[in-house]
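A.B. asks: This is the content of query19.txt (compact mmCIF, C-alpha atoms and all ligand atoms):
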```txt
# COMPACT_ATOMS: atom_id res chain seq x y z
CA ALA A 1 78.45 96.92 111.02
CA VAL A 2 81.37 99.21 111.85
CA ASN A 3 81.11 102.78 110.53
CA LEU A 4 83.97 105.15 111.32
CA LYS A 5 83.01 107.99 108.95
CA GLY A 6 83.79 111.37 110.46
CA ARG A 7 85.74 109.90 113.38
CA SER A 8 89.19 111.11 114.44
CA PHE A 9 92.01 108.69 115.16
CA LEU A 10 93.77 110.22 118.17
CA THR A 11 94.43 107.12 120.28
CA LEU A 12 93.39 103.46 120.18
CA MET A 13 91.68 104.09 123.52
CA ASP A 14 88.86 105.79 121.58
CA PHE A 15 88.10 102.60 119.61
CA THR A 16 86.40 99.33 120.48
CA PRO A 17 88.20 96.03 119.83
CA GLY A 18 85.69 95.48 116.99
CA GLU A 19 86.57 98.80 115.39
CA ILE A 20 90.29 98.06 115.65
CA ARG A 21 89.63 94.62 114.11
CA TYR A 22 87.79 96.37 111.24
CA LEU A 23 90.76 98.70 110.58
CA LEU A 24 93.21 95.76 110.62
CA ASP A 25 91.07 93.78 108.17
CA LEU A 26 90.75 96.82 105.90
CA GLY A 27 94.54 97.26 106.04
CA HIS A 28 95.10 93.63 104.98
CA ASP A 29 92.53 94.05 102.18
CA LEU A 30 94.10 97.24 100.87
CA LYS A 31 97.52 95.58 100.91
CA ARG A 32 96.22 92.66 98.82
CA LYS A 33 94.57 95.11 96.43
CA LYS A 34 97.76 97.12 95.99
CA ARG A 35 99.85 93.95 95.50
CA ALA A 36 97.38 92.74 92.85
CA GLY A 37 97.71 96.06 91.03
CA ILE A 38 94.03 96.88 91.50
CA TYR A 39 93.52 100.62 91.22
CA ASP A 40 90.14 101.69 92.50
CA PRO A 41 90.53 105.10 94.18
CA MET A 42 88.12 105.71 97.07
CA LEU A 43 89.06 109.31 97.89
CA LYS A 44 88.77 111.15 94.58
CA GLY A 45 88.26 114.89 95.08
CA LYS A 46 89.29 114.75 98.75
CA ASN A 47 91.99 116.97 100.28
CA VAL A 48 94.21 116.11 103.21
CA VAL A 49 96.68 118.31 105.12
CA LEU A 50 99.74 116.90 106.89
CA LEU A 51 101.12 118.94 109.81
CA PHE A 52 104.55 117.89 111.05
CA ASP A 53 106.17 119.63 114.04
CA LYS A 54 108.68 116.74 114.25
CA THR A 55 110.55 115.04 111.41
CA SER A 56 109.37 111.82 109.71
CA THR A 57 110.12 109.42 106.89
CA ARG A 58 107.59 106.56 107.18
CA THR A 59 104.58 108.40 108.54
CA ARG A 60 104.75 111.28 106.09
CA CYS A 61 105.40 109.02 103.10
CA ALA A 62 102.67 106.59 104.17
CA PHE A 63 100.10 109.40 104.36
CA GLU A 64 101.23 110.88 101.04
CA VAL A 65 101.32 107.60 99.11
CA ALA A 66 98.06 106.43 100.70
CA CYS A 67 96.37 109.65 99.51
CA HIS A 68 97.88 109.41 96.04
CA ASP A 69 96.83 105.76 95.68
CA GLU A 70 93.26 106.68 96.63
CA GLY A 71 93.03 109.78 94.45
CA ALA A 72 93.17 112.40 97.23
CA HIS A 73 95.40 115.49 97.22
CA VAL A 74 97.88 116.31 99.96
CA THR A 75 99.27 119.53 101.41
CA PHE A 76 102.34 119.24 103.64
CA LEU A 77 103.19 121.86 106.26
CA ASP A 78 106.14 121.61 108.64
CA SER A 79 106.52 123.77 111.72
CA GLY A 80 108.50 126.44 109.88
CA SER A 81 106.09 127.00 107.02
CA SER A 82 102.74 128.02 108.46
CA GLN A 83 101.26 130.54 110.90
CA ILE A 84 99.95 127.84 113.25
CA GLY A 85 100.71 128.52 116.89
CA LYS A 86 102.97 131.48 116.10
CA LYS A 87 100.88 134.18 114.42
CA GLU A 88 97.59 132.33 114.79
CA SER A 89 96.11 130.31 117.62
CA LEU A 90 95.62 126.60 117.19
CA GLU A 91 91.87 127.12 117.49
CA ASP A 92 91.72 129.62 114.63
CA SER A 93 94.06 127.58 112.43
CA ALA A 94 92.00 124.43 113.04
CA LYS A 95 88.81 126.26 112.06
CA VAL A 96 90.46 127.43 108.82
CA LEU A 97 91.84 124.00 107.94
CA GLY A 98 88.40 122.53 108.58
CA ARG A 99 87.02 124.77 105.80
CA PHE A 100 89.65 123.66 103.27
CA PHE A 101 90.29 120.00 103.96
CA ASP A 102 88.60 116.65 104.54
CA GLY A 103 91.17 115.39 107.05
CA ILE A 104 94.20 116.52 109.09
CA GLU A 105 97.25 114.51 110.11
CA TYR A 106 99.30 115.94 112.99
CA ARG A 107 102.71 114.93 114.40
CA GLY A 108 104.19 116.86 117.28
CA TYR A 109 104.52 117.13 121.02
CA GLU A 110 101.46 117.39 123.28
CA GLN A 111 98.50 115.04 122.86
CA GLN A 112 96.31 118.07 123.63
CA VAL A 113 97.16 119.48 120.17
CA VAL A 114 95.53 116.58 118.28
CA GLU A 115 92.56 116.81 120.60
CA ASP A 116 92.18 120.56 120.00
CA LEU A 117 92.60 120.16 116.25
CA ALA A 118 89.78 117.62 116.25
CA LYS A 119 87.59 119.76 118.50
CA TYR A 120 87.89 122.96 116.45
CA SER A 121 88.31 121.73 112.86
CA GLY A 122 85.20 119.57 112.75
CA ILE A 123 86.90 117.08 110.42
CA PRO A 124 88.76 113.80 111.11
CA VAL A 125 92.19 114.28 112.71
CA TRP A 126 94.78 111.48 112.67
CA ASN A 127 97.53 111.29 115.27
CA GLY A 128 100.85 110.81 113.47
CA LEU A 129 102.79 110.68 116.81
CA THR A 130 102.77 112.74 119.97
CA ASP A 131 104.90 112.57 123.12
CA VAL A 132 102.56 109.97 124.61
CA ASP A 133 101.07 107.98 121.73
CA HIS A 134 101.67 106.64 118.22
CA PRO A 135 98.46 104.80 117.38
CA THR A 136 98.92 104.42 113.60
CA GLN A 137 102.15 102.52 114.26
CA ILE A 138 100.35 99.94 116.40
CA LEU A 139 97.96 99.03 113.58
CA ALA A 140 100.93 98.37 111.28
CA ASP A 141 102.62 96.33 114.00
CA MET A 142 99.52 94.21 114.61
CA MET A 143 99.11 93.63 110.86
CA THR A 144 102.73 92.45 110.77
CA MET A 145 102.16 90.06 113.68
CA GLU A 146 99.10 88.63 111.93
CA GLU A 147 101.14 88.03 108.79
CA HIS A 148 103.95 86.24 110.60
CA LEU A 149 102.36 84.50 113.58
CA SER A 150 100.00 81.57 113.38
CA LYS A 151 97.87 82.56 116.37
CA PRO A 152 95.37 85.32 117.07
CA LEU A 153 96.46 88.58 118.69
CA HIS A 154 94.74 87.85 122.00
CA LYS A 155 97.02 84.83 122.48
CA CYS A 156 100.18 86.88 121.91
CA LYS A 157 102.73 88.25 124.37
CA VAL A 158 104.59 91.43 123.45
CA VAL A 159 107.64 92.47 125.47
CA PHE A 160 108.63 96.10 124.95
CA CYS A 161 112.31 96.46 125.87
CA GLY A 162 114.13 99.65 126.86
CA ASP A 163 112.59 103.13 127.10
CA ILE A 164 109.34 101.90 128.56
CA ARG A 165 107.86 105.32 129.22
CA ASN A 166 107.96 106.63 125.67
CA ASN A 167 105.16 107.08 123.15
CA MET A 168 105.64 103.62 121.58
CA SER A 169 105.51 101.83 124.90
CA TYR A 170 102.32 103.66 125.87
CA ALA A 171 100.78 103.10 122.44
CA TRP A 172 101.51 99.36 122.78
CA MET A 173 100.07 99.30 126.28
CA TYR A 174 96.81 100.68 124.90
CA GLY A 175 96.89 98.35 121.89
CA CYS A 176 97.47 95.23 123.98
CA ALA A 177 94.82 96.26 126.48
CA LYS A 178 92.24 96.77 123.73
CA MET A 179 93.01 93.53 121.90
CA GLY A 180 93.26 91.37 125.04
CA MET A 181 96.98 90.74 124.64
CA HIS A 182 99.79 90.23 127.16
CA PHE A 183 102.06 93.29 127.37
CA VAL A 184 105.26 93.56 129.37
CA ALA A 185 107.20 96.80 129.74
CA TYR A 186 110.72 95.46 130.31
CA GLY A 187 113.02 98.24 131.47
CA PRO A 188 114.80 99.87 134.40
CA SER A 189 112.82 100.72 137.53
CA GLU A 190 114.16 104.31 137.32
CA LEU A 191 111.70 104.83 134.46
CA THR A 192 108.39 105.11 136.27
CA LEU A 193 105.39 104.96 133.98
CA ASP A 194 102.68 107.61 133.91
CA PRO A 195 100.24 106.29 136.54
CA GLU A 196 97.21 107.65 134.71
CA ILE A 197 98.13 105.93 131.42
CA LEU A 198 98.90 102.70 133.24
CA ALA A 199 95.60 102.79 135.13
CA LYS A 200 93.63 103.46 131.93
CA ALA A 201 95.32 100.56 130.12
CA LYS A 202 94.83 98.19 133.05
CA ALA A 203 91.14 99.05 133.35
CA VAL A 204 90.62 98.15 129.67
CA ALA A 205 92.74 95.00 129.98
CA ASP A 206 90.52 93.86 132.87
CA GLU A 207 87.57 93.92 130.48
CA THR A 208 89.27 92.28 127.50
CA GLY A 209 91.32 89.61 129.28
CA GLY A 210 94.59 91.40 128.51
CA ILE A 211 97.56 91.59 130.87
CA ILE A 212 99.66 94.71 131.44
CA GLU A 213 102.90 94.16 133.36
CA ILE A 214 106.12 95.99 134.18
CA SER A 215 109.36 94.10 134.79
CA SER A 216 113.06 94.80 135.27
CA THR A 217 114.18 91.17 135.19
CA PRO A 218 114.79 88.98 132.13
CA ASP A 219 112.47 86.17 133.25
CA CYS A 220 109.66 88.23 131.67
CA LEU A 221 111.10 87.42 128.23
CA LYS A 222 110.04 83.79 128.44
CA GLY A 223 107.24 82.89 126.07
CA ALA A 224 107.32 86.20 124.22
CA ASP A 225 105.92 86.22 120.68
CA VAL A 226 107.35 89.66 119.96
CA LEU A 227 110.35 91.56 121.27
CA TYR A 228 109.82 95.22 120.50
CA THR A 229 112.18 98.11 121.01
CA ASP A 230 112.55 101.75 120.07
CA VAL A 231 115.25 104.42 120.28
CA TRP A 232 116.39 105.32 123.80
CA ALA A 233 115.83 109.04 123.29
CA SER A 234 112.76 110.09 121.37
CA MET A 235 112.59 113.17 119.18
CA GLY A 236 113.09 116.23 121.35
CA GLU A 237 114.74 114.22 124.18
CA GLU A 238 118.25 113.96 122.77
CA ALA A 239 119.76 115.76 125.80
CA GLN A 240 118.79 112.75 127.93
CA ILE A 241 121.03 110.37 125.97
CA PRO A 242 123.94 110.15 128.48
CA ASP A 243 121.55 109.24 131.32
CA LYS A 244 119.51 106.91 129.16
CA VAL A 245 122.55 104.98 127.89
CA LYS A 246 123.57 104.36 131.48
CA ILE A 247 120.26 102.82 132.54
CA LEU A 248 119.13 101.24 129.26
CA THR A 249 122.24 99.37 128.11
CA PRO A 250 121.16 96.18 129.98
CA TYR A 251 117.92 96.28 127.97
CA LYS A 252 119.54 96.44 124.53
CA VAL A 253 117.98 93.69 122.39
CA THR A 254 120.60 91.00 121.80
CA MET A 255 120.67 87.40 120.55
CA GLU A 256 120.88 86.31 124.20
CA MET A 257 117.56 88.00 124.82
CA ILE A 258 116.08 86.30 121.77
CA GLN A 259 117.20 82.97 123.27
CA GLU A 260 115.78 83.84 126.66
CA THR A 261 112.30 83.95 125.14
CA GLU A 262 112.65 80.18 124.56
CA ASN A 263 110.56 80.79 121.45
CA PRO A 264 112.52 79.80 118.33
CA ASP A 265 110.11 81.82 116.18
CA VAL A 266 109.96 84.99 118.26
CA LEU A 267 109.61 88.11 116.12
CA PHE A 268 111.67 91.26 116.47
CA LEU A 269 109.76 94.46 115.71
CA HIS A 270 110.86 98.11 115.79
CA CYS A 271 108.91 101.14 114.61
CA LEU A 272 112.11 102.53 113.02
CA PRO A 273 114.25 104.55 112.60
CA ALA A 274 116.68 102.32 114.54
CA PHE A 275 120.22 102.56 115.86
CA HIS A 276 121.63 99.07 115.23
CA ASP A 277 125.08 100.06 113.96
CA PHE A 278 127.16 103.22 113.56
CA GLU A 279 126.06 104.08 110.03
CA THR A 280 124.20 107.22 111.10
CA LYS A 281 125.69 110.59 111.92
CA MET A 282 123.94 110.65 115.28
CA ALA A 283 125.16 107.22 116.40
CA ARG A 284 128.74 108.11 115.33
CA GLU A 285 128.73 111.46 117.10
CA TRP A 286 127.57 109.92 120.37
CA LYS A 287 130.09 107.10 120.00
CA GLU A 288 132.87 109.69 119.75
CA LYS A 289 131.61 111.15 123.04
CA GLY A 290 131.76 107.67 124.59
CA TYR A 291 128.10 106.63 124.34
CA ASP A 292 126.84 103.55 122.50
CA ILE A 293 123.22 104.48 121.73
CA ARG A 294 122.32 101.24 119.90
CA GLU A 295 119.05 99.87 121.31
CA VAL A 296 119.43 96.60 119.33
CA THR A 297 122.40 94.71 117.96
CA ASP A 298 122.97 94.57 114.23
CA GLU A 299 122.84 90.78 114.53
CA VAL A 300 119.25 90.81 115.81
CA PHE A 301 118.20 93.58 113.43
CA ARG A 302 119.35 91.54 110.43
CA SER A 303 118.31 88.14 111.81
CA ARG A 304 115.46 85.92 110.56
CA HIS A 305 113.46 87.08 113.61
CA SER A 306 113.39 90.66 112.36
CA VAL A 307 110.37 91.73 110.33
CA VAL A 308 111.01 95.45 110.56
CA PHE A 309 110.72 96.19 106.84
CA ASP A 310 107.42 94.32 106.49
CA GLU A 311 106.35 96.39 109.48
CA ALA A 312 107.47 99.61 107.79
CA GLU A 313 105.57 98.70 104.61
CA ASN A 314 102.46 98.05 106.66
CA ARG A 315 102.46 101.70 107.75
CA LEU A 316 101.23 102.48 104.25
CA HIS A 317 98.38 99.97 104.20
CA SER A 318 97.21 100.66 107.75
CA ILE A 319 97.30 104.43 107.36
CA LYS A 320 95.40 104.09 104.10
CA ALA A 321 92.80 102.06 105.99
CA ILE A 322 92.47 104.76 108.64
CA ILE A 323 92.03 107.55 106.09
CA ALA A 324 89.60 105.58 103.93
CA ALA A 325 87.52 104.49 106.92
CA THR A 326 87.19 107.93 108.49
CA ILE A 327 86.80 110.36 105.58
N1 LIG A 401 107.94 104.77 112.65
C1 LIG A 401 107.78 106.07 112.32
O1 LIG A 401 106.85 106.75 112.75
O2 LIG A 401 108.75 106.54 111.47
P1 LIG A 401 108.95 108.04 110.97
O3 LIG A 401 109.44 108.83 112.17
O4 LIG A 401 109.96 107.95 109.88
O5 LIG A 401 107.63 108.57 110.50
N1 LIG A 402 109.86 107.09 120.18
C1 LIG A 402 110.25 107.59 118.88
C2 LIG A 402 109.38 107.00 117.82
C3 LIG A 402 109.73 107.40 116.42
C4 LIG A 402 108.81 106.81 115.40
C5 LIG A 402 110.21 109.11 118.88
O1 LIG A 402 109.23 109.65 119.38
O2 LIG A 402 111.15 109.72 118.42
```
Taking this structure as input, can you express it in the form of structure tokens?
Ligand code: CP
Ligand code: NVA
C.D. replies:
Amino acid sequence: AVNLKGRSFLTLMDFTPGEIRYLLDLGHDLKRKKRAGIYDPMLKGKNVVLLFDKTSTRTRCAFEVACHDEGAHVTFLDSGSSQIGKKESLEDSAKVLGRFFDGIEYRGYEQQVVEDLAKYSGIPVWNGLTDVDHPTQILADMMTMEEHLSKPLHKCKVVFCGDIRNNMSYAWMYGCAKMGMHFVAYGPSELTLDPEILAKAKAVADETGGIIEISSTPDCLKGADVLYTDVWASMGEEAQIPDKVKILTPYKVTMEMIQETENPDVLFLHCLPAFHDFETKMAREWKEKGYDIREVTDEVFRSRHSVVFDEAENRLHSIKAIIAATI
């Protein structure tokens, strides 16, 4: 039997396929329970702290609502409102938080920070996004695939289009490797992937029967079960937008790309937030400067292929599963 009590959730690479399967099943169960209106809090008397050095809508709200649903209390700290890293070292802050709380969520820059928090706090730490990983998102994405596809994960092909060396692409590479899936990073050859991350994912894929590929040509779209994309400039990388628009425009997800999969039921997934029109301040400001930063067309985003809001909802159920399993 799987027992994850006391474990941190820093990357999917730390978990066996069986443990990931357990978290997905728990996520589906908790979703059914919530839909049925069953209230049976598992985390009464527990306290959780949420540390955000980058902004968030889904991840923060998922952690907060998950805790509220399960009877736990939440403290939220953003980068401006604590001593962490400014007047107090990460080590000392982690030791203090470990005395107050039962779990820590962290979103920020270096992966090393989640690792150090886990090392010094002595309590479960959950990675809410770093520069190189976003493991909670992958659980929600896999849940969404299981809801909409009639085949098991290990028979699925996921093509990640666009900024193939960002945190989502790497997180998917790990997820596909672990679950024996076929992953293609479809993007420009100028974006070379971190060789260490690639090697780690490939080594796992060799054991699970997964495939990890990189491609710059559209023939890789054929047979895809999922087209996935993400913004072209991640949080903190906005200065790269002019260069990114230049190299990534051919990888914008369009209806032509959907057709090139030759799969009439291909799914479109996106972690969100997404630029699919010019309704946001950021997309408008870049448009005025001559840059179209949309990584997907509005037509695809609103098409029957798109399951992005089911995916967003599943952040709640999957994050609840992670908290409940590890505290
Ligand atoms: N997908 C995701 O992590 O969204 P937020 O940035 O809103 O948390
Ligand atoms: N790659 C994006 C994901 C946001 C959920 C970012 O890091 O900004």
A.B. asks: Using all atoms listed in the file, what does the table of segment 95-181 of chain A residues within 12 Å of segment 7-26 of chain A look like, with each row giving the shortest atom pair and its distance in Å to one decimal, sorted by chain and ascending number, as CSV?
C.D. replies:
```
residue,atom,partner,partner_atom,distance
A:Asp102,CA,A:Ser8,CA,11.4
A:Gly103,CA,A:Ser8,CA,8.8
A:Ile104,CA,A:Ser8,CA,9.1
A:Glu105,CA,A:Phe9,CA,9.3
A:Tyr106,CA,A:Leu10,CA,9.5
A:Arg107,CA,A:Leu10,CA,10.8
A:Glu110,CA,A:Leu10,CA,11.7
A:Gln111,CA,A:Leu10,CA,8.2
A:Gln112,CA,A:Leu10,CA,9.9
A:Val113,CA,A:Leu10,CA,10.1
A:Val114,CA,A:Leu10,CA,6.6
A:Glu115,CA,A:Leu10,CA,7.1
A:Asp116,CA,A:Leu10,CA,10.6
A:Leu117,CA,A:Ser8,CA,9.8
A:Ala118,CA,A:Ser8,CA,6.8
A:Lys119,CA,A:Ser8,CA,9.7
A:Ser121,CA,A:Ser8,CA,10.8
A:Gly122,CA,A:Ser8,CA,9.5
A:Ile123,CA,A:Ser8,CA,7.6
A:Pro124,CA,A:Ser8,CA,4.3
A:Val125,CA,A:Ser8,CA,4.7
A:Trp126,CA,A:Phe9,CA,4.7
A:Asn127,CA,A:Leu10,CA,4.9
A:Gly128,CA,A:Leu10,CA,8.5
A:Leu129,CA,A:Leu10,CA,9.1
A:Thr130,CA,A:Leu10,CA,9.5
A:Val132,CA,A:Thr11,CA,9.6
A:Asp133,CA,A:Thr11,CA,6.9
A:His134,CA,A:Thr11,CA,7.5
A:Pro135,CA,A:Thr11,CA,5.5
A:Thr136,CA,A:Phe9,CA,8.3
A:Gln137,CA,A:Leu12,CA,10.6
A:Ile138,CA,A:Leu12,CA,8.7
A:Leu139,CA,A:Leu24,CA,6.5
A:Ala140,CA,A:Leu24,CA,8.2
A:Asp141,CA,A:Leu24,CA,10.0
A:Met142,CA,A:Leu24,CA,7.6
A:Met143,CA,A:Leu24,CA,6.3
A:Thr144,CA,A:Leu24,CA,10.1
A:Met145,CA,A:Leu24,CA,11.0
A:Glu146,CA,A:Leu24,CA,9.3
A:Glu147,CA,A:Leu24,CA,11.2
A:Pro152,CA,A:Arg21,CA,11.3
A:Leu153,CA,A:Arg21,CA,10.2
A:His154,CA,A:Pro17,CA,10.7
A:Asn167,CA,A:Thr11,CA,11.1
A:Met168,CA,A:Thr11,CA,11.8
A:Tyr170,CA,A:Thr11,CA,10.3
A:Ala171,CA,A:Leu12,CA,7.7
A:Trp172,CA,A:Leu12,CA,9.5
A:Met173,CA,A:Leu12,CA,10.0
A:Tyr174,CA,A:Met13,CA,6.3
A:Gly175,CA,A:Leu12,CA,6.4
A:Cys176,CA,A:Leu12,CA,9.9
A:Ala177,CA,A:Met13,CA,8.9
A:Lys178,CA,A:Pro17,CA,5.7
A:Met179,CA,A:Pro17,CA,5.8
A:Gly180,CA,A:Pro17,CA,8.6
A:Met181,CA,A:Pro17,CA,11.3
```
A.B. asks: Could you work out an axis-aligned box for ligand LIG 401 (chain A), taking every atom the file lists and adding 8 Å on each side, and report centre and edge lengths in Å to one decimal, as AutoDock Vina command-line options?
C.D. replies:
```
--center_x 108.4 --center_y 106.8 --center_z 111.3 --size_x 19.1 --size_y 20.1 --size_z 18.9
```
A.B. asks: Counting all atoms listed in the file, what are the residues, protein, DNA or RNA alike, that approach ligand LIG 402 (chain A) to within 10 Å? I want them as an MDAnalysis selection string.
C.D. replies: chainID A and resid 54:59 107:109 128:134 137 163:169 229:238 270:274
A.B. asks: Which polymer residues, whether protein, DNA or RNA, lie within 10 Å of the coordinate (110.6, 85.1, 124.9) when you count only C-alpha atoms? List them as a ChimeraX atom specification, using the chain letters and numbers from the file.
C.D. replies: /A:157-159,218-227,257-267
A.B. asks: Grab the residues selected above and save them as an mmCIF file, in the coordinates of the input with C-alpha atoms.
C.D. replies:
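out-v5.cif was written with the following content:
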```
data_model
loop_
_atom_site.group_PDB
_atom_site.id
_atom_site.type_symbol
_atom_site.label_atom_id
_atom_site.label_comp_id
_atom_site.auth_asym_id
_atom_site.auth_seq_id
_atom_site.Cartn_x
_atom_site.Cartn_y
_atom_site.Cartn_z
ATOM 1 C CA LYS A 157 102.730 88.250 124.370
ATOM 2 C CA VAL A 158 104.590 91.430 123.450
ATOM 3 C CA VAL A 159 107.640 92.470 125.470
ATOM 4 C CA PRO A 218 114.790 88.980 132.130
ATOM 5 C CA ASP A 219 112.470 86.170 133.250
ATOM 6 C CA CYS A 220 109.660 88.230 131.670
ATOM 7 C CA LEU A 221 111.100 87.420 128.230
ATOM 8 C CA LYS A 222 110.040 83.790 128.440
ATOM 9 C CA GLY A 223 107.240 82.890 126.070
ATOM 10 C CA ALA A 224 107.320 86.200 124.220
ATOM 11 C CA ASP A 225 105.920 86.220 120.680
ATOM 12 C CA VAL A 226 107.350 89.660 119.960
ATOM 13 C CA LEU A 227 110.350 91.560 121.270
ATOM 14 C CA MET A 257 117.560 88.000 124.820
ATOM 15 C CA ILE A 258 116.080 86.300 121.770
ATOM 16 C CA GLN A 259 117.200 82.970 123.270
ATOM 17 C CA GLU A 260 115.780 83.840 126.660
ATOM 18 C CA THR A 261 112.300 83.950 125.140
ATOM 19 C CA GLU A 262 112.650 80.180 124.560
ATOM 20 C CA ASN A 263 110.560 80.790 121.450
ATOM 21 C CA PRO A 264 112.520 79.800 118.330
ATOM 22 C CA ASP A 265 110.110 81.820 116.180
ATOM 23 C CA VAL A 266 109.960 84.990 118.260
ATOM 24 C CA LEU A 267 109.610 88.110 116.120
#
```
A.B. asks: Residues within 8 Å of Val300 of chain A, please, as a VMD selection string. Count all atoms listed in the file; anything in the same chain fewer than 6 positions from it doesn't count.
C.D. replies: chain A and resid 253 to 255 268 306
A.B. asks: Could you tell me which of A:Tyr39, A:Phe63, A:Phe76, A:Tyr251 comes closest to ligand LIG 401 (chain A) if we count only C-alpha atoms and all ligand atoms?
C.D. replies: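 Looking only at the distances to ligand LIG 401 (chain A), the closest residue turns out to be A:Phe63.
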A.B. asks: Calculated over only C-alpha atoms, which of the candidates A:Thr75, A:Pro195, A:Lys202, A:Gly162 has the smallest distance to Ser216 of chain A?
C.D. replies: A:Gly162
A.B. asks: Record the distance separating atom CA of Glu91 of chain A and atom CA of Gly45 of chain A, expressed in Å with one decimal.
C.D. replies: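 Atom CA of Glu91 of chain A sits 25.8 Å away from atom CA of Gly45 of chain A.
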A.B. asks: Pick the closest to His305 of chain A from A:Cys161, A:Val204, A:Ala1, A:Leu269: which is it, counting all atoms listed in the file?
C.D. replies: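 Checking each candidate against His305 of chain A, we get A:Leu269 as the closest.
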A.B. asks: For a quick check of understanding, using all atoms listed in the file, which of A:Ala36, A:Asp310, A:Thr208, A:Ile241 has the smallest distance to Gly290 of chain A?
C.D. replies: A:Ile241
A.B. asks: Just to confirm, what's the straight-line distance from atom CA of Asp53 of chain A to atom CA of Ser93 of chain A in Å (one decimal)?
C.D. replies: 14.6 Å
A.B. asks: Can you list, as a PyMOL selection string, every protein, DNA or RNA residue that comes within 7 Å of Lys44 of chain A when you count all atoms listed in the file, leaving out same-chain residues fewer than 4 positions away?
C.D. replies: chain A and resi 70-72
A.B. asks: Rank A:Ile327, A:Lys320, A:Lys246, A:Leu43 by their smallest atom-to-atom distance to Asp29 of chain A, using all atoms listed in the file, and report the top residue only.
C.D. replies: A:Lys320
A.B. asks: Which of these residues is nearest to Ala62 of chain A, using only C-alpha atoms: A:Arg315, A:Gly98, A:Ser89, A:Lys151?
C.D. replies: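 Answer, going by the shortest atom-to-atom distance: A:Arg315.
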A.B. asks: Mind giving me the straight-line distance from atom CA of His73 of chain A to atom CA of Phe101 of chain A in Å, one decimal?
C.D. replies: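 Atom CA of Phe101 of chain A lies 9.6 Å from atom CA of His73 of chain A.
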A.B. asks: Taking 5 positions as the minimum chain separation for residues in the same chain, which residues sit within 10 Å of Ala283 of chain A when counting only C-alpha atoms? Answer as a ChimeraX atom specification.
C.D. replies: /A:274-278,288,291-294
A.B. asks: Residues near Ser79 of chain A, anyone? I mean within 9 Å using only C-alpha atoms, not counting same-chain ones fewer than 3 positions away, as number ranges by chain.
C.D. replies: A: 51-54, 82-84
A.B. asks: As a PDB file with C-alpha atoms, in the coordinates of the input, please: the residues near Thr326 of chain A (cut-off 7 Å, all atoms listed in the file, same-chain neighbours under 3 positions excluded).
C.D. replies:
```
ATOM      1  CA  LEU A   4      83.970 105.150 111.320  1.00  0.00           C
ATOM      2  CA  LYS A   5      83.010 107.990 108.950  1.00  0.00           C
ATOM      3  CA  GLY A   6      83.790 111.370 110.460  1.00  0.00           C
ATOM      4  CA  ARG A   7      85.740 109.900 113.380  1.00  0.00           C
ATOM      5  CA  PRO A 124      88.760 113.800 111.110  1.00  0.00           C
ATOM      6  CA  ILE A 322      92.470 104.760 108.640  1.00  0.00           C
ATOM      7  CA  ILE A 323      92.030 107.550 106.090  1.00  0.00           C
TER       8      ILE A 323
END
```
